[in-house]
>>> print(open('input.txt').read())   # compact mmCIF, C-alpha atoms and all ligand atoms
# COMPACT_ATOMS: atom_id res chain seq x y z
CA MET A 6 -62.40 149.38 219.38
CA LYS A 7 -65.52 147.67 220.63
CA ALA A 8 -66.15 146.07 217.24
CA THR A 9 -62.59 144.78 217.09
CA LEU A 10 -63.01 143.28 220.52
CA VAL A 11 -66.21 141.56 219.54
CA LEU A 12 -64.74 140.35 216.30
CA GLY A 13 -61.66 139.24 218.15
CA SER A 14 -63.62 137.24 220.65
CA MET A 15 -65.82 135.78 217.91
CA ALA A 16 -62.68 134.67 216.15
CA ALA A 17 -61.39 133.14 219.37
CA LEU A 18 -64.72 131.42 219.89
CA SER A 19 -64.86 129.96 216.42
CA THR A 20 -61.24 128.80 216.66
CA SER A 21 -62.01 127.03 219.90
CA MET A 22 -65.17 125.51 218.37
CA LEU A 23 -63.20 124.43 215.37
CA SER A 24 -60.48 122.87 217.41
CA THR A 25 -62.98 120.98 219.55
CA THR A 26 -64.66 119.69 216.42
CA ALA A 27 -61.34 118.69 214.96
CA GLN A 28 -60.24 116.99 218.17
CA ALA A 29 -63.43 115.25 219.24
CA ASP A 30 -63.34 111.90 217.62
CA THR A 31 -66.78 110.34 217.45
CA TRP A 32 -66.36 106.59 217.54
CA ARG A 33 -69.01 104.34 216.07
CA GLY A 34 -69.44 101.04 217.85
CA TRP A 35 -71.15 97.92 216.52
CA ASN A 36 -73.32 95.83 218.83
CA ILE A 37 -75.48 92.86 217.86
CA HIS A 38 -77.55 92.87 221.05
CA PRO A 39 -80.58 94.87 222.24
CA PRO A 40 -80.65 97.46 225.02
CA GLY A 41 -80.41 95.93 228.49
CA TYR A 42 -78.38 92.90 227.34
CA PRO A 43 -75.20 92.39 229.44
CA ASN A 44 -72.92 93.20 226.48
CA THR A 45 -74.91 96.34 225.69
CA ILE A 46 -74.72 97.52 229.29
CA ALA A 47 -70.95 96.94 229.25
CA LEU A 48 -70.44 98.69 225.90
CA GLU A 49 -72.46 101.68 227.03
CA SER A 50 -70.47 101.93 230.23
CA PHE A 51 -67.26 101.64 228.15
CA ALA A 52 -68.43 104.51 225.92
CA LYS A 53 -69.23 106.71 228.90
CA GLU A 54 -65.95 106.01 230.67
CA VAL A 55 -63.89 106.63 227.52
CA LYS A 56 -65.58 109.96 226.94
CA GLU A 57 -64.98 111.07 230.52
CA ALA A 58 -61.43 109.78 230.79
CA THR A 59 -60.36 111.42 227.52
CA ASP A 60 -62.11 114.71 228.39
CA GLY A 61 -64.32 114.25 225.37
CA ARG A 62 -61.48 113.80 222.88
CA VAL A 63 -63.01 110.43 222.09
CA SER A 64 -66.77 110.22 222.13
CA PRO A 65 -67.96 106.64 221.47
CA LYS A 66 -71.52 105.82 220.46
CA VAL A 67 -72.94 102.30 220.53
CA TYR A 68 -75.31 101.16 217.76
CA ASN A 69 -77.42 98.25 219.01
CA ASN A 70 -79.31 95.39 217.34
CA SER A 71 -76.73 95.06 214.52
CA ILE A 72 -78.19 98.03 212.68
CA LEU A 73 -74.73 98.65 211.24
CA GLY A 74 -74.65 95.25 209.51
CA ASP A 75 -74.21 91.60 210.35
CA GLN A 76 -71.28 90.32 212.37
CA THR A 77 -69.09 89.14 209.50
CA ASP A 78 -69.45 92.53 207.75
CA ALA A 79 -68.86 94.37 210.99
CA ILE A 80 -65.58 92.54 211.61
CA GLU A 81 -64.40 93.71 208.18
CA GLN A 82 -65.53 97.25 208.93
CA VAL A 83 -63.64 97.39 212.20
CA ARG A 84 -60.62 95.97 210.41
CA ASN A 85 -60.64 98.67 207.77
CA GLY A 86 -61.52 101.49 210.14
CA ALA A 87 -65.05 102.19 208.85
CA LEU A 88 -66.19 101.31 212.38
CA ASP A 89 -64.16 102.12 215.48
CA PHE A 90 -65.09 99.46 218.01
CA ALA A 91 -67.30 96.45 218.62
CA ASN A 92 -68.05 93.45 220.76
CA PHE A 93 -67.50 90.32 218.68
CA ASN A 94 -68.05 86.67 219.32
CA MET A 95 -64.89 84.69 218.56
CA GLY A 96 -66.87 82.21 216.43
CA PRO A 97 -67.26 84.37 213.32
CA MET A 98 -63.73 85.67 214.00
CA GLY A 99 -62.27 82.28 213.09
CA PRO A 100 -62.49 82.59 209.28
CA ILE A 101 -60.62 85.93 209.53
CA VAL A 102 -58.12 85.16 212.28
CA PRO A 103 -57.54 81.39 211.96
CA ALA A 104 -55.69 81.08 215.27
CA THR A 105 -58.88 82.01 217.11
CA ASN A 106 -60.58 78.94 215.67
CA VAL A 107 -59.11 77.03 218.56
CA VAL A 108 -61.96 78.28 220.78
CA SER A 109 -64.51 77.03 218.25
CA LEU A 110 -63.49 73.42 218.74
CA PRO A 111 -66.50 71.88 220.49
CA PHE A 112 -65.88 71.01 224.16
CA ILE A 113 -62.39 72.62 224.17
CA PHE A 114 -63.15 74.37 227.46
CA LYS A 115 -64.02 72.32 230.54
CA ASN A 116 -66.35 75.01 231.87
CA ILE A 117 -66.76 78.77 231.95
CA ASP A 118 -64.19 79.34 234.71
CA HIS A 119 -61.68 77.36 232.66
CA MET A 120 -62.41 79.58 229.66
CA HIS A 121 -61.80 82.68 231.81
CA ARG A 122 -58.49 81.32 233.12
CA VAL A 123 -57.35 80.60 229.55
CA MET A 124 -58.47 83.90 228.08
CA ASP A 125 -57.11 86.00 230.94
CA GLY A 126 -53.73 84.28 230.64
CA GLU A 127 -51.07 83.68 228.01
CA VAL A 128 -53.38 82.11 225.44
CA GLY A 129 -55.66 85.16 225.49
CA GLN A 130 -52.56 87.26 224.88
CA ARG A 131 -51.64 85.12 221.89
CA PHE A 132 -55.14 85.57 220.44
CA ALA A 133 -54.84 89.32 220.85
CA GLU A 134 -51.53 89.28 218.96
CA ALA A 135 -53.00 87.24 216.11
CA MET A 136 -55.95 89.65 215.92
CA ALA A 137 -53.65 92.69 215.95
CA GLU A 138 -52.03 91.37 212.77
CA LYS A 139 -55.49 91.73 211.20
CA ASN A 140 -55.91 95.28 212.46
CA LEU A 141 -58.12 94.38 215.42
CA VAL A 142 -57.01 95.53 218.86
CA ALA A 143 -58.64 93.14 221.36
CA LEU A 144 -58.66 94.90 224.72
CA SER A 145 -60.71 92.61 226.93
CA TRP A 146 -62.76 89.42 226.89
CA PHE A 147 -66.47 89.07 227.55
CA ASP A 148 -68.42 86.03 228.68
CA SER A 149 -70.85 84.26 226.40
CA GLY A 150 -71.76 81.29 228.57
CA ALA A 151 -72.17 77.85 227.08
CA ARG A 152 -74.12 77.21 223.89
CA SER A 153 -76.71 74.46 223.69
CA PHE A 154 -78.99 73.20 220.93
CA TYR A 155 -82.63 74.16 220.74
CA ASN A 156 -85.22 73.19 218.18
CA THR A 157 -88.88 73.04 217.25
CA LYS A 158 -89.21 69.21 217.17
CA HIS A 159 -88.07 67.28 220.22
CA ALA A 160 -85.61 67.15 223.13
CA ILE A 161 -82.03 66.18 222.33
CA ARG A 162 -80.58 63.63 224.73
CA THR A 163 -78.23 61.62 222.53
CA PRO A 164 -76.35 62.48 219.32
CA ASP A 165 -78.91 60.44 217.39
CA ASP A 166 -81.59 62.94 218.35
CA VAL A 167 -79.75 65.52 216.22
CA LYS A 168 -80.02 63.34 213.14
CA GLY A 169 -81.78 65.05 210.26
CA LEU A 170 -82.35 68.36 212.05
CA LYS A 171 -81.76 71.50 209.98
CA LEU A 172 -79.67 73.65 212.28
CA ARG A 173 -78.53 77.22 212.00
CA VAL A 174 -74.92 77.77 212.98
CA MET A 175 -72.72 80.87 213.10
CA ASN A 176 -70.47 81.63 210.18
CA ASN A 177 -67.59 79.21 210.70
CA ASP A 178 -66.92 75.93 208.93
CA LEU A 179 -66.06 74.22 212.22
CA TYR A 180 -69.70 74.50 213.25
CA VAL A 181 -70.82 72.93 210.00
CA GLN A 182 -68.44 70.06 210.73
CA MET A 183 -69.81 69.85 214.27
CA ALA A 184 -73.43 69.56 213.13
CA ASP A 185 -72.44 67.08 210.42
CA ALA A 186 -70.65 64.92 212.96
CA LEU A 187 -73.96 64.66 214.84
CA GLY A 188 -75.93 63.84 211.70
CA GLY A 189 -77.60 67.27 211.46
CA ASN A 190 -77.71 69.60 208.45
CA ALA A 191 -76.03 72.89 209.22
CA THR A 192 -76.76 76.23 207.60
CA PRO A 193 -74.54 79.20 208.45
CA MET A 194 -76.85 82.21 208.73
CA SER A 195 -76.88 85.71 210.22
CA TYR A 196 -78.24 85.94 213.73
CA SER A 197 -80.97 88.38 212.66
CA GLU A 198 -82.44 85.86 210.22
CA VAL A 199 -82.81 83.00 212.69
CA PHE A 200 -86.17 83.92 214.25
CA GLN A 201 -88.00 84.09 210.95
CA SER A 202 -86.29 80.96 209.67
CA LEU A 203 -87.37 79.00 212.75
CA LYS A 204 -90.88 80.32 212.43
CA THR A 205 -91.26 79.39 208.78
CA GLY A 206 -89.54 76.02 209.14
CA VAL A 207 -86.55 76.91 206.95
CA ILE A 208 -84.58 75.56 209.89
CA ASP A 209 -85.59 73.30 212.79
CA GLY A 210 -83.21 74.65 215.34
CA ALA A 211 -80.11 76.56 216.30
CA GLU A 212 -77.77 76.79 219.26
CA ASN A 213 -76.99 79.52 221.70
CA ASN A 214 -76.71 80.52 225.37
CA TYR A 215 -79.70 81.34 227.60
CA PRO A 216 -79.52 85.15 227.26
CA SER A 217 -79.47 85.08 223.45
CA TYR A 218 -82.07 82.33 223.20
CA GLU A 219 -84.32 84.51 225.33
CA SER A 220 -83.54 88.04 224.06
CA SER A 221 -83.86 86.99 220.40
CA ASN A 222 -87.28 85.45 221.19
CA HIS A 223 -86.17 82.17 219.62
CA PHE A 224 -87.69 80.45 222.66
CA GLU A 225 -91.12 81.49 221.44
CA VAL A 226 -90.78 79.37 218.32
CA ALA A 227 -88.28 76.65 219.31
CA GLY A 228 -89.44 75.24 222.61
CA TYR A 229 -86.95 72.42 223.24
CA PHE A 230 -83.71 73.56 224.85
CA SER A 231 -81.25 70.72 225.47
CA LEU A 232 -78.20 71.38 227.63
CA THR A 233 -75.49 69.99 225.36
CA GLN A 234 -73.19 72.92 226.27
CA HIS A 235 -70.99 71.99 223.33
CA LEU A 236 -69.39 75.40 222.78
CA ILE A 237 -68.06 77.92 225.28
CA ILE A 238 -66.98 80.79 223.08
CA PRO A 239 -65.45 83.93 224.52
CA GLU A 240 -66.11 87.35 223.04
CA CYS A 241 -63.88 90.39 222.65
CA LEU A 242 -64.11 94.10 223.01
CA CYS A 243 -62.19 95.23 219.92
CA ILE A 244 -60.96 98.57 218.64
CA SER A 245 -60.03 99.24 215.05
CA LYS A 246 -56.26 99.53 214.76
CA ARG A 247 -56.76 102.73 212.80
CA SER A 248 -58.73 104.37 215.61
CA TRP A 249 -56.30 102.99 218.18
CA ASN A 250 -53.25 104.37 216.41
CA ALA A 251 -54.82 107.81 216.24
CA LEU A 252 -54.83 108.00 220.07
CA SER A 253 -52.12 109.45 222.27
CA GLU A 254 -50.45 106.98 224.60
CA SER A 255 -52.33 108.28 227.61
CA ASP A 256 -55.68 108.06 225.79
CA GLN A 257 -54.80 104.50 224.77
CA GLN A 258 -54.24 103.74 228.43
CA ALA A 259 -57.61 105.28 229.33
CA VAL A 260 -59.38 103.22 226.66
CA ARG A 261 -57.61 100.06 227.80
CA GLU A 262 -58.72 100.61 231.40
CA ALA A 263 -62.28 101.33 230.32
CA ALA A 264 -62.29 98.06 228.35
CA GLU A 265 -61.11 96.14 231.40
CA HIS A 266 -63.82 97.69 233.54
CA ALA A 267 -66.36 96.87 230.84
CA SER A 268 -65.30 93.24 230.90
CA THR A 269 -65.71 93.01 234.69
CA LEU A 270 -69.14 94.57 234.42
CA GLN A 271 -70.17 92.36 231.51
CA ARG A 272 -69.25 89.19 233.40
CA GLU A 273 -71.28 90.26 236.45
CA GLU A 274 -74.26 91.18 234.32
CA TRP A 275 -73.84 87.94 232.37
CA THR A 276 -74.25 85.77 235.45
CA LYS A 277 -77.41 87.63 236.47
CA ARG A 278 -78.94 87.63 233.00
CA SER A 279 -78.23 83.93 232.39
CA GLU A 280 -80.33 83.03 235.42
CA ALA A 281 -83.04 85.58 234.60
CA SER A 282 -83.27 84.32 231.01
CA ARG A 283 -83.47 80.70 232.16
CA GLU A 284 -86.35 81.58 234.48
CA LYS A 285 -88.11 83.59 231.78
CA VAL A 286 -88.03 80.82 229.17
CA LEU A 287 -89.09 78.23 231.74
CA ALA A 288 -92.03 80.41 232.75
CA ALA A 289 -92.95 80.67 229.08
CA GLY A 290 -93.28 76.89 228.93
CA VAL A 291 -90.01 75.91 227.27
CA SER A 292 -88.85 72.37 227.94
CA ILE A 293 -85.26 72.33 229.20
CA ASN A 294 -83.47 69.02 229.51
CA GLU A 295 -80.11 67.97 230.92
CA VAL A 296 -77.92 65.81 228.74
CA ASP A 297 -76.59 63.00 230.91
CA ASP A 298 -74.08 61.54 228.50
CA LYS A 299 -72.15 64.51 227.17
CA ALA A 300 -69.22 62.21 226.42
CA ALA A 301 -71.31 60.68 223.62
CA PHE A 302 -71.42 64.10 221.93
CA GLN A 303 -67.80 64.77 222.68
CA ASP A 304 -66.69 61.46 221.15
CA ARG A 305 -68.25 62.46 217.84
CA MET A 306 -65.93 65.48 217.74
CA THR A 307 -62.68 63.48 217.69
CA PRO A 308 -62.34 63.54 213.86
CA ILE A 309 -62.84 67.33 213.92
CA TYR A 310 -59.91 67.75 216.31
CA GLU A 311 -57.76 65.39 214.24
CA ARG A 312 -58.53 67.23 211.00
CA PHE A 313 -58.00 70.61 212.66
CA VAL A 314 -54.55 69.75 213.97
CA GLU A 315 -53.62 68.14 210.65
CA GLN A 316 -54.69 71.22 208.69
CA ASN A 317 -53.28 73.70 211.25
CA PRO A 318 -50.12 72.09 212.64
CA ALA A 319 -49.01 75.44 214.06
CA LEU A 320 -52.10 75.50 216.27
CA ALA A 321 -51.56 72.07 217.82
CA ASP A 322 -49.70 73.55 220.78
CA TRP A 323 -52.48 76.13 221.28
CA VAL A 324 -54.99 73.31 221.61
CA GLU A 325 -52.67 71.61 224.07
CA ALA A 326 -52.07 74.84 225.99
CA ILE A 327 -55.82 75.15 226.55
CA GLN A 328 -56.28 71.51 227.43
CA ASN A 329 -53.35 71.72 229.87
CA THR A 330 -54.61 74.87 231.57
CA PRO A 331 -55.96 73.64 234.93
C1 LIG A 401 -74.66 85.36 220.62
C2 LIG A 401 -73.40 86.18 220.48
C3 LIG A 401 -73.41 86.95 219.19
C4 LIG A 401 -73.61 85.99 218.07
C5 LIG A 401 -74.90 85.22 218.27
C6 LIG A 401 -75.14 84.24 217.13
O1 LIG A 401 -73.24 87.05 221.57
O2 LIG A 401 -72.21 87.66 219.00
O3 LIG A 401 -73.66 86.64 216.86
O4 LIG A 401 -74.82 84.53 219.50
O5 LIG A 401 -75.52 83.11 217.39
O6 LIG A 401 -74.59 84.58 221.78
O7 LIG A 401 -74.94 84.63 215.99
>>> encode(input="input.txt", output="structure tokens")
Amino acid sequence: MKATLVLGSMAALSTSMLSTTAQADTWRGWNIHPPGYPNTIALESFAKEVKEATDGRVSPKVYNNSILGDQTDAIEQVRNGALDFANFNMGPMGPIVPATNVVSLPFIFKNIDHMHRVMDGEVGQRFAEAMAEKNLVALSWFDSGARSFYNTKHAIRTPDDVKGLKLRVMNNDLYVQMADALGGNATPMSYSEVFQSLKTGVIDGAENNYPSYESSNHFEVAGYFSLTQHLIIPECLCISKRSWNALSESDQQAVREAAEHASTLQREEWTKRSEASREKVLAAGVSINEVDDKAAFQDRMTPIYERFVEQNPALADWVEAIQNTP
């Protein structure tokens, strides 16, 4: 009698253990940034909230510093379900979801608030739909500030100062066109290779926002940071469609809410970190210069816009929608 009871309860225990194992879905999340970076803080808070709100049915884990591969690979992995979620920059998204290339047109956004208004409105919705067709469920948008050029040689004040510089760009042909239009030589390269390439002179410079320039330590080897602010590229918090479809409707709702909270948190952290990073690189002796005549840089981009609209006629109204967003 006693033995049966024990056996019975052991059976019950192992069934409940089994069912928890079967139900708990451990999500793997890709992150390019180090601990403490605004995006990392937001992803970690997202993971925690999802776990709590789904009573542990979904248990996300964030892998930092791109240890799961570079960004282009990671986008593919989220698409095919090998990874469950990630924070991606919309730059390297362009070759995979062409509609999102609109945000990679230099100077398309007037400023960061304008980018937020666009992404939080109808255009952002259209991007999410285009991404969904490629199995990426974009749940919220992160901030990534404005990107400026930095290099090891001299300050950039006019487009002619870019002439001849070997510049690393993210993986997107529009950035190669952008550097070409300024007379530079662009090399698309993974983020993780940039530091060494700057150090050894394989490249002379790159472009990024303050937090990445600082956290990647590029400021230690490329001491001229010139505020061209030529690209304001939003980022997404994305779930693999496969992982998304495996959720119940109420768990989907919980994940969606957690992603929205993560976006609010990321934007707050972003503002703080941008200022802290600026102060840190200044204290380290970096030379930061304003660019008085941004229009001179912008003018060089006209042929890129013309070619883009010619090659992507269906995206012409997207470009206009952004430009017409107040
Ligand atoms: C950072 C973005 C990251 C990019 C990186 C880069 O947050 O997603 O991969 O720039 O330049 O600002 O590659």
>>> closest_residue(input="input.txt", among="A:Ala29, A:Leu242, A:Val167, A:Val128", to="Asn92 in chain A", atoms="all atoms listed in the file")
A:Leu242
>>> closest_residue(input="input.txt", among="A:Pro239, A:Gly228, A:Gly61, A:Gly188", to="ligand LIG 401 (chain A)", atoms="all atoms listed in the file")
A:Pro239
>>> closest_residue(input="input.txt", among="A:Arg283, A:Lys277, A:His223, A:Arg131", to="Val102 in chain A", atoms="all atoms listed in the file")
A:Arg131
>>> residues_near_point(input="input.txt", point="(-76.2, 67.7, 224.9)", cutoff="8 Å", atoms="only C-alpha atoms", output="PDB file with C-alpha atoms, in the frame of the given file")
ATOM      1  CA  SER A 153     -76.710  74.460 223.690  1.00  0.00           C
ATOM      2  CA  PHE A 154     -78.990  73.200 220.930  1.00  0.00           C
ATOM      3  CA  ILE A 161     -82.030  66.180 222.330  1.00  0.00           C
ATOM      4  CA  ARG A 162     -80.580  63.630 224.730  1.00  0.00           C
ATOM      5  CA  THR A 163     -78.230  61.620 222.530  1.00  0.00           C
ATOM      6  CA  PRO A 164     -76.350  62.480 219.320  1.00  0.00           C
ATOM      7  CA  SER A 231     -81.250  70.720 225.470  1.00  0.00           C
ATOM      8  CA  LEU A 232     -78.200  71.380 227.630  1.00  0.00           C
ATOM      9  CA  THR A 233     -75.490  69.990 225.360  1.00  0.00           C
ATOM     10  CA  GLN A 234     -73.190  72.920 226.270  1.00  0.00           C
ATOM     11  CA  HIS A 235     -70.990  71.990 223.330  1.00  0.00           C
ATOM     12  CA  GLU A 295     -80.110  67.970 230.920  1.00  0.00           C
ATOM     13  CA  VAL A 296     -77.920  65.810 228.740  1.00  0.00           C
ATOM     14  CA  ASP A 297     -76.590  63.000 230.910  1.00  0.00           C
ATOM     15  CA  ASP A 298     -74.080  61.540 228.500  1.00  0.00           C
ATOM     16  CA  LYS A 299     -72.150  64.510 227.170  1.00  0.00           C
ATOM     17  CA  PHE A 302     -71.420  64.100 221.930  1.00  0.00           C
TER      18      PHE A 302
END
>>> closest_atom_pairs(input="input.txt", of="chain A", to="ligand LIG 401 (chain A)", cutoff="10 Å", atoms="all atoms listed in the file", output="JSON lines")
{"residue": "A:Asn36", "atom": "CA", "partner": "A:LIG401", "partner_atom": "O2", "distance": 8.2}
{"residue": "A:Ile37", "atom": "CA", "partner": "A:LIG401", "partner_atom": "O2", "distance": 6.2}
{"residue": "A:His38", "atom": "CA", "partner": "A:LIG401", "partner_atom": "O1", "distance": 7.3}
{"residue": "A:Tyr42", "atom": "CA", "partner": "A:LIG401", "partner_atom": "O1", "distance": 9.7}
{"residue": "A:Pro43", "atom": "CA", "partner": "A:LIG401", "partner_atom": "O1", "distance": 9.7}
{"residue": "A:Asn44", "atom": "CA", "partner": "A:LIG401", "partner_atom": "O1", "distance": 7.9}
{"residue": "A:Ser71", "atom": "CA", "partner": "A:LIG401", "partner_atom": "O3", "distance": 9.3}
{"residue": "A:Asp75", "atom": "CA", "partner": "A:LIG401", "partner_atom": "O3", "distance": 8.2}
{"residue": "A:Gln76", "atom": "CA", "partner": "A:LIG401", "partner_atom": "O3", "distance": 6.3}
{"residue": "A:Thr77", "atom": "CA", "partner": "A:LIG401", "partner_atom": "O3", "distance": 9.0}
{"residue": "A:Asn92", "atom": "CA", "partner": "A:LIG401", "partner_atom": "O2", "distance": 7.3}
{"residue": "A:Phe93", "atom": "CA", "partner": "A:LIG401", "partner_atom": "O2", "distance": 5.4}
{"residue": "A:Asn94", "atom": "CA", "partner": "A:LIG401", "partner_atom": "O2", "distance": 4.3}
{"residue": "A:Met95", "atom": "CA", "partner": "A:LIG401", "partner_atom": "O2", "distance": 7.9}
{"residue": "A:Gly96", "atom": "CA", "partner": "A:LIG401", "partner_atom": "C4", "distance": 7.9}
{"residue": "A:Pro97", "atom": "CA", "partner": "A:LIG401", "partner_atom": "O3", "distance": 7.7}
{"residue": "A:Phe147", "atom": "CA", "partner": "A:LIG401", "partner_atom": "O1", "distance": 9.3}
{"residue": "A:Asp148", "atom": "CA", "partner": "A:LIG401", "partner_atom": "O1", "distance": 8.7}
{"residue": "A:Ser149", "atom": "CA", "partner": "A:LIG401", "partner_atom": "O6", "distance": 6.0}
{"residue": "A:Gly150", "atom": "CA", "partner": "A:LIG401", "partner_atom": "O6", "distance": 8.1}
{"residue": "A:Ala151", "atom": "CA", "partner": "A:LIG401", "partner_atom": "O6", "distance": 8.9}
{"residue": "A:Arg152", "atom": "CA", "partner": "A:LIG401", "partner_atom": "O6", "distance": 7.7}
{"residue": "A:Arg173", "atom": "CA", "partner": "A:LIG401", "partner_atom": "O5", "distance": 8.5}
{"residue": "A:Val174", "atom": "CA", "partner": "A:LIG401", "partner_atom": "O5", "distance": 7.0}
{"residue": "A:Met175", "atom": "CA", "partner": "A:LIG401", "partner_atom": "O7", "distance": 5.2}
{"residue": "A:Asn176", "atom": "CA", "partner": "A:LIG401", "partner_atom": "O7", "distance": 7.9}
{"residue": "A:Pro193", "atom": "CA", "partner": "A:LIG401", "partner_atom": "O7", "distance": 9.3}
{"residue": "A:Met194", "atom": "CA", "partner": "A:LIG401", "partner_atom": "O7", "distance": 7.9}
{"residue": "A:Ser195", "atom": "CA", "partner": "A:LIG401", "partner_atom": "O7", "distance": 6.2}
{"residue": "A:Tyr196", "atom": "CA", "partner": "A:LIG401", "partner_atom": "O7", "distance": 4.2}
{"residue": "A:Ser197", "atom": "CA", "partner": "A:LIG401", "partner_atom": "O7", "distance": 7.8}
{"residue": "A:Glu198", "atom": "CA", "partner": "A:LIG401", "partner_atom": "O7", "distance": 9.5}
{"residue": "A:Val199", "atom": "CA", "partner": "A:LIG401", "partner_atom": "O5", "distance": 8.7}
{"residue": "A:Ala211", "atom": "CA", "partner": "A:LIG401", "partner_atom": "O5", "distance": 8.1}
{"residue": "A:Glu212", "atom": "CA", "partner": "A:LIG401", "partner_atom": "O5", "distance": 7.0}
{"residue": "A:Asn213", "atom": "CA", "partner": "A:LIG401", "partner_atom": "O6", "distance": 5.6}
{"residue": "A:Asn214", "atom": "CA", "partner": "A:LIG401", "partner_atom": "O6", "distance": 5.8}
{"residue": "A:Tyr215", "atom": "CA", "partner": "A:LIG401", "partner_atom": "O6", "distance": 8.4}
{"residue": "A:Pro216", "atom": "CA", "partner": "A:LIG401", "partner_atom": "O6", "distance": 7.4}
{"residue": "A:Ser217", "atom": "CA", "partner": "A:LIG401", "partner_atom": "O6", "distance": 5.2}
{"residue": "A:Tyr218", "atom": "CA", "partner": "A:LIG401", "partner_atom": "O6", "distance": 7.9}
{"residue": "A:Ser220", "atom": "CA", "partner": "A:LIG401", "partner_atom": "O6", "distance": 9.9}
{"residue": "A:Ser221", "atom": "CA", "partner": "A:LIG401", "partner_atom": "C1", "distance": 9.3}
{"residue": "A:Ile237", "atom": "CA", "partner": "A:LIG401", "partner_atom": "O6", "distance": 10.0}
{"residue": "A:Ile238", "atom": "CA", "partner": "A:LIG401", "partner_atom": "O6", "distance": 8.6}
{"residue": "A:Pro239", "atom": "CA", "partner": "A:LIG401", "partner_atom": "O1", "distance": 8.9}
{"residue": "A:Glu240", "atom": "CA", "partner": "A:LIG401", "partner_atom": "O1", "distance": 7.3}
{"residue": "A:Cys241", "atom": "CA", "partner": "A:LIG401", "partner_atom": "O2", "distance": 9.5}
>>> closest_residue(input="input.txt", among="A:Ala104, A:Phe200, A:Gly34, A:Val63", to="Ala319 in chain A", atoms="only C-alpha atoms")
A:Ala104
>>> decode(input="input.txt", residues="range 222-263 of chain A", atoms="C-alpha atoms", output="compact mmCIF listing (two decimals), in the first residue's frame")
# COMPACT_ATOMS: atom_id res chain seq x y z
CA ASN A 222 36.50 51.08 -27.70
CA HIS A 223 36.86 52.41 -31.24
CA PHE A 224 37.48 55.82 -29.66
CA GLU A 225 40.78 54.52 -28.33
CA VAL A 226 42.13 54.02 -31.84
CA ALA A 227 40.15 56.51 -33.96
CA GLY A 228 40.28 59.84 -32.17
CA TYR A 229 38.47 62.17 -34.58
CA PHE A 230 34.68 62.11 -34.22
CA SER A 231 32.90 64.44 -36.65
CA LEU A 232 29.21 65.13 -36.14
CA THR A 233 27.94 64.47 -39.66
CA GLN A 234 24.86 62.68 -38.24
CA HIS A 235 24.20 61.27 -41.70
CA LEU A 236 22.18 58.23 -40.63
CA ILE A 237 19.46 57.87 -38.01
CA ILE A 238 18.65 54.19 -38.14
CA PRO A 239 16.00 52.66 -35.91
CA GLU A 240 16.36 49.18 -34.46
CA CYS A 241 13.80 46.47 -33.80
CA LEU A 242 13.01 43.94 -31.17
CA CYS A 243 12.18 40.92 -33.32
CA ILE A 244 10.78 37.47 -32.62
CA SER A 245 11.12 34.53 -34.96
CA LYS A 246 7.78 33.82 -36.59
CA ARG A 247 8.22 30.18 -35.68
CA SER A 248 8.55 30.95 -31.97
CA TRP A 249 5.73 33.48 -32.19
CA ASN A 250 3.34 31.04 -33.82
CA ALA A 251 4.00 28.48 -31.11
CA LEU A 252 2.55 30.86 -28.48
CA SER A 253 -1.05 30.99 -27.32
CA GLU A 254 -2.84 34.24 -28.05
CA SER A 255 -2.58 35.40 -24.46
CA ASP A 256 1.16 34.64 -24.34
CA GLN A 257 1.58 36.57 -27.59
CA GLN A 258 -0.12 39.50 -25.91
CA ALA A 259 2.21 39.20 -22.91
CA VAL A 260 5.28 39.13 -25.17
CA ARG A 261 3.99 42.11 -27.15
CA GLU A 262 3.52 44.15 -23.97
CA ALA A 263 6.96 43.18 -22.69
